[in-house]
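Q: One structure, as structure tokens, below. Some questions next.
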Amino acid sequence: MNDQSKTDFRVPRPASRVLGPKILVTGAAGFIGFHLCQRLLARGDSVIGLDNLNDYYEVSLKENRLKQLTDKENFTFVKCDLSDRAGMEKLFADYKFDAVVNLAAQAGVRYSLTNPHAYIDANLVGFMNILEGCRHQQVGHLVYASSSSVYGANTSMPFSVHDNIDHPVSLYAASKKANELMAHTYAHLYGLPCTGLRFFTVYGPWGRPDMALFLFTKAILAGEPIDVFNHGRMRRDFTYIDDIVEGVVRVTDRPAQPNPEWSGDDPDPGSSAAPYRVYNIGNNNPVELMHLIETLEKTLGRVAVKNFMPIQPGDVPATWADVDALSNDVGFRPATPIEIGVERFVAWYKGYYS
């Protein structure tokens, strides 16, 4: 899946005006990365978007996202794999970024059961290259995607960044926890400001085809049954893409600072004596899977044929984000209702797939 032999560096077009900060967004052709790039470009930042355009899901969707970005004068696309050490060293040396937002990763809990090595290459080796690039080029702030999956076997709700997360239940979750540990080490050793963002079930226009809302919409419109895991008793803190992007932008603009009250006698997992922070970005409002399906049925005007199944290995029955830390530090709480988000997704889906 990873093509390390085709590192493609594009020469940035000369800008006709002074641009804002120079920001690297990895995973720029991905769901969240695409929307983040749009937002940063709209406010005048100079964005270098990196992606390897792998085939984890349909490449044409990634290419069509990129088409929305490449006509902007302040956007430069680089095709490179995070695990390509030489390519990543060249990237950081050439561009001298003010900030880095690392969204590129091998995603998916279930995929990690059958393709574990993909997670080591992208999420561990790749993240190591990001950290080294930030360290040697003295990047002002590294923001990186973690995941709600790090809470694993935790059952105390809502999930808080101050909770212990030592019991992941998938390799994907373990790789994301590893990212948080690696980032803390670099914050401690080299003073690199690092902020991890635990995303909770992101959905919306241009979404990922392997996610439930996308799969359900496609199947219902085709008159095919949908697989409803855990017999519909799943609860997810579905978070609309615009809320995710708002949180990412606010956090990126506020480099992590040491917590002066942090103590090794009672260590807080969400902060540190180093410039390190972790935040949940979730809607703080878990939704029953059956309610999501009912909302989608109402929006589509069709009733789904449901195939009720047991919970999948690696899945957790519920997620719920405590976003107090995010709200206190950057003044933002996601709040888009599932009914509005689903309606916007369906409108995009019907337009995109005709």
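Each chain in the structure tokens gets a letter, A, B, ..., in the order shown, and its residues are numbered from 1; ligands are numbered from 1 in order too.
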Give me, as JSON lines, each residue of range 142-210 of chain A that comes within 8 Å of range 114-133 of chain A, together with its shortest interatomic pair and the distance in Å at one decimal, counting only C-alpha atoms, with rows ordered by chain and rising residue number.

A:
```
{"residue": "A:Leu171", "atom": "CA", "partner": "A:Pro116", "partner_atom": "CA", "distance": 7.1}
{"residue": "A:Tyr172", "atom": "CA", "partner": "A:Tyr119", "partner_atom": "CA", "distance": 6.7}
{"residue": "A:Ser175", "atom": "CA", "partner": "A:Asn123", "partner_atom": "CA", "distance": 6.1}
{"residue": "A:Lys176", "atom": "CA", "partner": "A:Asn123", "partner_atom": "CA", "distance": 7.3}
{"residue": "A:Ala178", "atom": "CA", "partner": "A:Leu124", "partner_atom": "CA", "distance": 7.5}
{"residue": "A:Asn179", "atom": "CA", "partner": "A:Phe127", "partner_atom": "CA", "distance": 7.0}
{"residue": "A:Met182", "atom": "CA", "partner": "A:Met128", "partner_atom": "CA", "distance": 7.9}
{"residue": "A:Ala183", "atom": "CA", "partner": "A:Leu131", "partner_atom": "CA", "distance": 7.3}
{"residue": "A:Tyr186", "atom": "CA", "partner": "A:Leu131", "partner_atom": "CA", "distance": 7.3}
```

Q: Using DSSP on the backbone, list every residue of range 128-257 of chain A that comes out as alpha helix (DSSP H), and give them as a compact mmCIF listing (two decimals) with N, CA and C atoms, in the first residue's frame.

A:
```
# COMPACT_ATOMS: atom_id res chain seq x y z
N MET A 128 7.73 8.59 14.20
CA MET A 128 9.11 8.84 14.60
C MET A 128 9.77 9.84 13.65
N ASN A 129 9.51 9.69 12.36
CA ASN A 129 10.08 10.62 11.38
C ASN A 129 9.52 12.03 11.55
N ILE A 130 8.24 12.13 11.91
CA ILE A 130 7.64 13.43 12.19
C ILE A 130 8.33 14.09 13.40
N LEU A 131 8.49 13.34 14.47
CA LEU A 131 9.13 13.87 15.67
C LEU A 131 10.55 14.33 15.39
N GLU A 132 11.30 13.54 14.65
CA GLU A 132 12.69 13.91 14.35
C GLU A 132 12.75 15.15 13.47
N GLY A 133 11.85 15.25 12.51
CA GLY A 133 11.80 16.44 11.67
C GLY A 133 11.50 17.69 12.49
N CYS A 134 10.52 17.58 13.39
CA CYS A 134 10.18 18.72 14.25
C CYS A 134 11.34 19.10 15.16
N ARG A 135 12.00 18.10 15.68
CA ARG A 135 13.12 18.35 16.60
C ARG A 135 14.27 19.07 15.89
N HIS A 136 14.70 18.53 14.76
CA HIS A 136 15.90 19.07 14.10
C HIS A 136 15.64 20.41 13.43
N LEU A 171 -4.66 -3.13 18.20
CA LEU A 171 -3.33 -2.64 17.86
C LEU A 171 -3.39 -1.18 17.43
N TYR A 172 -4.48 -0.80 16.74
CA TYR A 172 -4.66 0.60 16.36
C TYR A 172 -4.61 1.50 17.59
N ALA A 173 -5.37 1.13 18.62
CA ALA A 173 -5.39 1.91 19.86
C ALA A 173 -4.01 1.94 20.50
N ALA A 174 -3.33 0.79 20.51
CA ALA A 174 -2.00 0.73 21.10
C ALA A 174 -1.03 1.64 20.35
N SER A 175 -1.15 1.72 19.03
CA SER A 175 -0.26 2.59 18.26
C SER A 175 -0.52 4.06 18.56
N LYS A 176 -1.78 4.40 18.82
CA LYS A 176 -2.10 5.79 19.15
C LYS A 176 -1.62 6.16 20.55
N LYS A 177 -1.74 5.24 21.49
CA LYS A 177 -1.17 5.50 22.81
C LYS A 177 0.34 5.64 22.71
N ALA A 178 0.97 4.81 21.88
CA ALA A 178 2.42 4.91 21.68
C ALA A 178 2.81 6.29 21.15
N ASN A 179 2.00 6.84 20.25
CA ASN A 179 2.26 8.20 19.75
C ASN A 179 2.27 9.21 20.88
N GLU A 180 1.33 9.09 21.79
CA GLU A 180 1.27 10.03 22.92
C GLU A 180 2.52 9.90 23.80
N LEU A 181 2.97 8.68 24.02
CA LEU A 181 4.17 8.47 24.83
C LEU A 181 5.42 9.00 24.13
N MET A 182 5.52 8.75 22.84
CA MET A 182 6.66 9.25 22.07
C MET A 182 6.69 10.77 22.07
N ALA A 183 5.51 11.39 21.88
CA ALA A 183 5.44 12.85 21.87
C ALA A 183 5.86 13.42 23.23
N HIS A 184 5.42 12.79 24.31
CA HIS A 184 5.81 13.30 25.62
C HIS A 184 7.33 13.22 25.81
N THR A 185 7.94 12.16 25.32
CA THR A 185 9.38 12.02 25.44
C THR A 185 10.10 13.18 24.74
N TYR A 186 9.64 13.53 23.55
CA TYR A 186 10.28 14.64 22.81
C TYR A 186 9.99 15.99 23.46
N ALA A 187 8.81 16.14 24.02
CA ALA A 187 8.51 17.37 24.75
C ALA A 187 9.43 17.51 25.95
N HIS A 188 9.67 16.40 26.64
CA HIS A 188 10.52 16.40 27.83
C HIS A 188 11.99 16.60 27.48
N LEU A 189 12.48 15.86 26.50
CA LEU A 189 13.91 15.90 26.18
C LEU A 189 14.32 17.15 25.42
N TYR A 190 13.50 17.61 24.50
CA TYR A 190 13.90 18.66 23.58
C TYR A 190 13.06 19.94 23.66
N ALA A 212 -19.26 3.87 9.66
CA ALA A 212 -20.62 3.35 9.70
C ALA A 212 -21.61 4.19 8.90
N LEU A 213 -21.61 5.51 9.07
CA LEU A 213 -22.59 6.34 8.38
C LEU A 213 -22.47 6.21 6.87
N PHE A 214 -21.26 6.16 6.37
CA PHE A 214 -21.02 6.01 4.93
C PHE A 214 -21.51 4.64 4.45
N LEU A 215 -21.14 3.60 5.19
CA LEU A 215 -21.54 2.24 4.82
C LEU A 215 -23.06 2.07 4.85
N PHE A 216 -23.69 2.63 5.89
CA PHE A 216 -25.14 2.53 6.01
C PHE A 216 -25.84 3.24 4.86
N THR A 217 -25.40 4.45 4.56
CA THR A 217 -26.03 5.24 3.50
C THR A 217 -25.94 4.52 2.16
N LYS A 218 -24.75 4.02 1.86
CA LYS A 218 -24.54 3.31 0.60
C LYS A 218 -25.45 2.09 0.49
N ALA A 219 -25.52 1.30 1.57
CA ALA A 219 -26.32 0.08 1.55
C ALA A 219 -27.81 0.38 1.46
N ILE A 220 -28.30 1.32 2.23
CA ILE A 220 -29.73 1.63 2.24
C ILE A 220 -30.19 2.11 0.87
N LEU A 221 -29.40 2.99 0.24
CA LEU A 221 -29.76 3.50 -1.08
C LEU A 221 -29.73 2.40 -2.13
N ILE A 241 -17.60 17.02 11.45
CA ILE A 241 -16.27 17.41 10.95
C ILE A 241 -15.95 18.88 11.21
N ASP A 242 -16.93 19.78 11.08
CA ASP A 242 -16.65 21.20 11.30
C ASP A 242 -16.23 21.46 12.74
N ASP A 243 -16.81 20.72 13.69
CA ASP A 243 -16.42 20.87 15.09
C ASP A 243 -15.00 20.35 15.32
N ILE A 244 -14.66 19.26 14.67
CA ILE A 244 -13.30 18.73 14.77
C ILE A 244 -12.30 19.76 14.27
N VAL A 245 -12.55 20.32 13.11
CA VAL A 245 -11.63 21.29 12.51
C VAL A 245 -11.50 22.53 13.38
N GLU A 246 -12.60 23.01 13.92
CA GLU A 246 -12.54 24.18 14.81
C GLU A 246 -11.63 23.89 16.01
N GLY A 247 -11.78 22.71 16.59
CA GLY A 247 -10.94 22.35 17.72
C GLY A 247 -9.47 22.25 17.33
N VAL A 248 -9.19 21.64 16.18
CA VAL A 248 -7.79 21.49 15.73
C VAL A 248 -7.15 22.85 15.51
N VAL A 249 -7.87 23.75 14.85
CA VAL A 249 -7.31 25.08 14.56
C VAL A 249 -7.02 25.84 15.85
N ARG A 250 -7.95 25.82 16.77
CA ARG A 250 -7.73 26.54 18.03
C ARG A 250 -6.55 25.97 18.81
N VAL A 251 -6.44 24.67 18.82
CA VAL A 251 -5.32 24.04 19.53
C VAL A 251 -4.00 24.35 18.84
N THR A 252 -3.98 24.30 17.51
CA THR A 252 -2.75 24.57 16.76
C THR A 252 -2.23 25.97 17.04
```

Q: Tell me which of A:Val228, A:Leu36, A:Val78, A:Ala273 sits closest to Met290 in chain A, counting only C-alpha atoms.

A: A:Val228

Q: Write out as a PyMOL selection string each polymer residue whose atoms come within 9 Å of Gly341 in chain A, counting only C-alpha atoms; drop sequence neighbours fewer than 4 positions from it.

A: chain A and resi 203-205+239-241+336-337+345-346

Q: Please list as a list in words every residue within 6 Å of Ala145 in chain A, counting only C-alpha atoms and excluding residues in the same chain fewer than 6 positions away.

A: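 The residues that qualify are Leu103, Gly196 and Leu197 of chain A.
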